[in-house]
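K.L.:
Take a look at the following structure, please.
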Amino acid sequence: MWGVQPMGAPRGRFEATYRCYPVSFIDKTHLENGDKVILPPSALDRLASLMIDYPMLFQVESAKEKKTTHCGVLEFVADEGHAYMPYWMMQNLLLREGDIVRFRSISLPKGTYVKLRPHTSDFLDISNPKAVLEMTLRSYSCLTKGDVVLVSYNNKRYFIDIVEVQPGDAVTIIETDCEVDFAPPLDYKEPVVPQVTNTQ
């Protein structure tokens, strides 16, 4: 309150803990297609007093499991003490409804390269999977190595592993020209070449 920094907190660094709930709890299921969260109004007040750079990006850590990911924020309308997140993000962090999650403001480098791996090969059967991915990734502010993201297309859900990002293990993909590479799907099997037998 009043813009006063707590003792020992670095200037310009936001840190807070919240109880997390899926975005479906507040009828914002469209946020499942992206990495934006909803935080309480007090978070905006603190972020403004700390003069945090835009876009506002956060490192998110599950208190119990010590797993981390990164995200952006869409609105500051959550109940005080609560954060609403896409359910796929909660799954990545091994969180259940009401678990404690820590948010820290962070600055990430712009992504130059990302390697993705679909869980199922039927994702590659989409008429233009690269275009679908590009459209989907417009709803994301950052990507974290090791995360599994959700792509919804034609009433079907596809899960995609973030195998690699450069530079580093987490990058922002806002206004970047990022090279995208695909690893074979998790369920991919090498085609079996029929054995030719000599009948002589």
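Naming works like this for the structure tokens: A, B, ... for the chains as they're shown, residue 1 at the start of each chain, ligands 1 onward in shown order.
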Neighbours of region 27-39 of chain A within 6 Å (only C-alpha atoms; same-chain residues fewer than 5 positions away dropped), as number ranges by chain?
P.N.:
A: 71-76, 78, 83-86, 139-140
K.L.:
Env of region 188-191 of chain A: 9 Å cut, atoms = only C-alpha atoms, seq-sep filter 4 positions within chain, self excluded. Answer as a ChimeraX atom specification.
P.N.:
/A:119-121,184
K.L.:
Since we have the selection now, will you write its residues out, keeping C-alpha atoms, as a PDB file, in the first residue's frame?
P.N.:
ATOM      1  CA  HIS A 119       1.145 -35.904 -28.670  1.00  0.00           C
ATOM      2  CA  THR A 120      -0.768 -37.539 -31.512  1.00  0.00           C
ATOM      3  CA  SER A 121      -0.024 -37.803 -35.215  1.00  0.00           C
ATOM      4  CA  PRO A 184       7.833 -36.549 -34.514  1.00  0.00           C
TER       5      PRO A 184
END
K.L.:
How close does each residue of region 108-174 of chain A get to region 89-98 of chain A, giving the shortest atom pair and distance in Å to one decimal for every residue with an atom at most 12 Å away, counting only C-alpha atoms, sorted by chain and residue number, as CSV?
P.N.:
residue,atom,partner,partner_atom,distance
A:Tyr140,CA,A:Met89,CA,11.8
A:Leu143,CA,A:Met89,CA,11.4
A:Thr144,CA,A:Asn92,CA,10.6
A:Lys145,CA,A:Asn92,CA,11.3
A:Gly146,CA,A:Asn92,CA,8.7
A:Asp147,CA,A:Asn92,CA,6.2
A:Val148,CA,A:Asn92,CA,6.7
A:Val149,CA,A:Met89,CA,7.7
A:Leu150,CA,A:Met89,CA,9.2
A:Phe159,CA,A:Asn92,CA,11.6
A:Ile160,CA,A:Asn92,CA,12.0
A:Asp161,CA,A:Asn92,CA,10.7
A:Ile162,CA,A:Asn92,CA,11.5
K.L.:
Record the distance separating CA of Asn155 (chain A) and CA of Ile174 (chain A), expressed in Å with one decimal.
P.N.:
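Rounded to one decimal, the two atoms are 26.1 Å apart.
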K.L.:
I'd like to know which residues of region 99-195 of chain A are strand (DSSP E or B) (by DSSP, run on the backbone); could you write them as a ChimeraX atom specification?
P.N.:
/A:100-106,110,113-118,142-144,148-153,156-166,170-172,179-182
K.L.:
Which one is closest to Arg19 (chain A): A:Ser62, A:Thr172, A:Gln166, A:Asn154? Count only C-alpha atoms.
P.N.:
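Smallest separation from Arg19 (chain A) among the options: A:Ser62.
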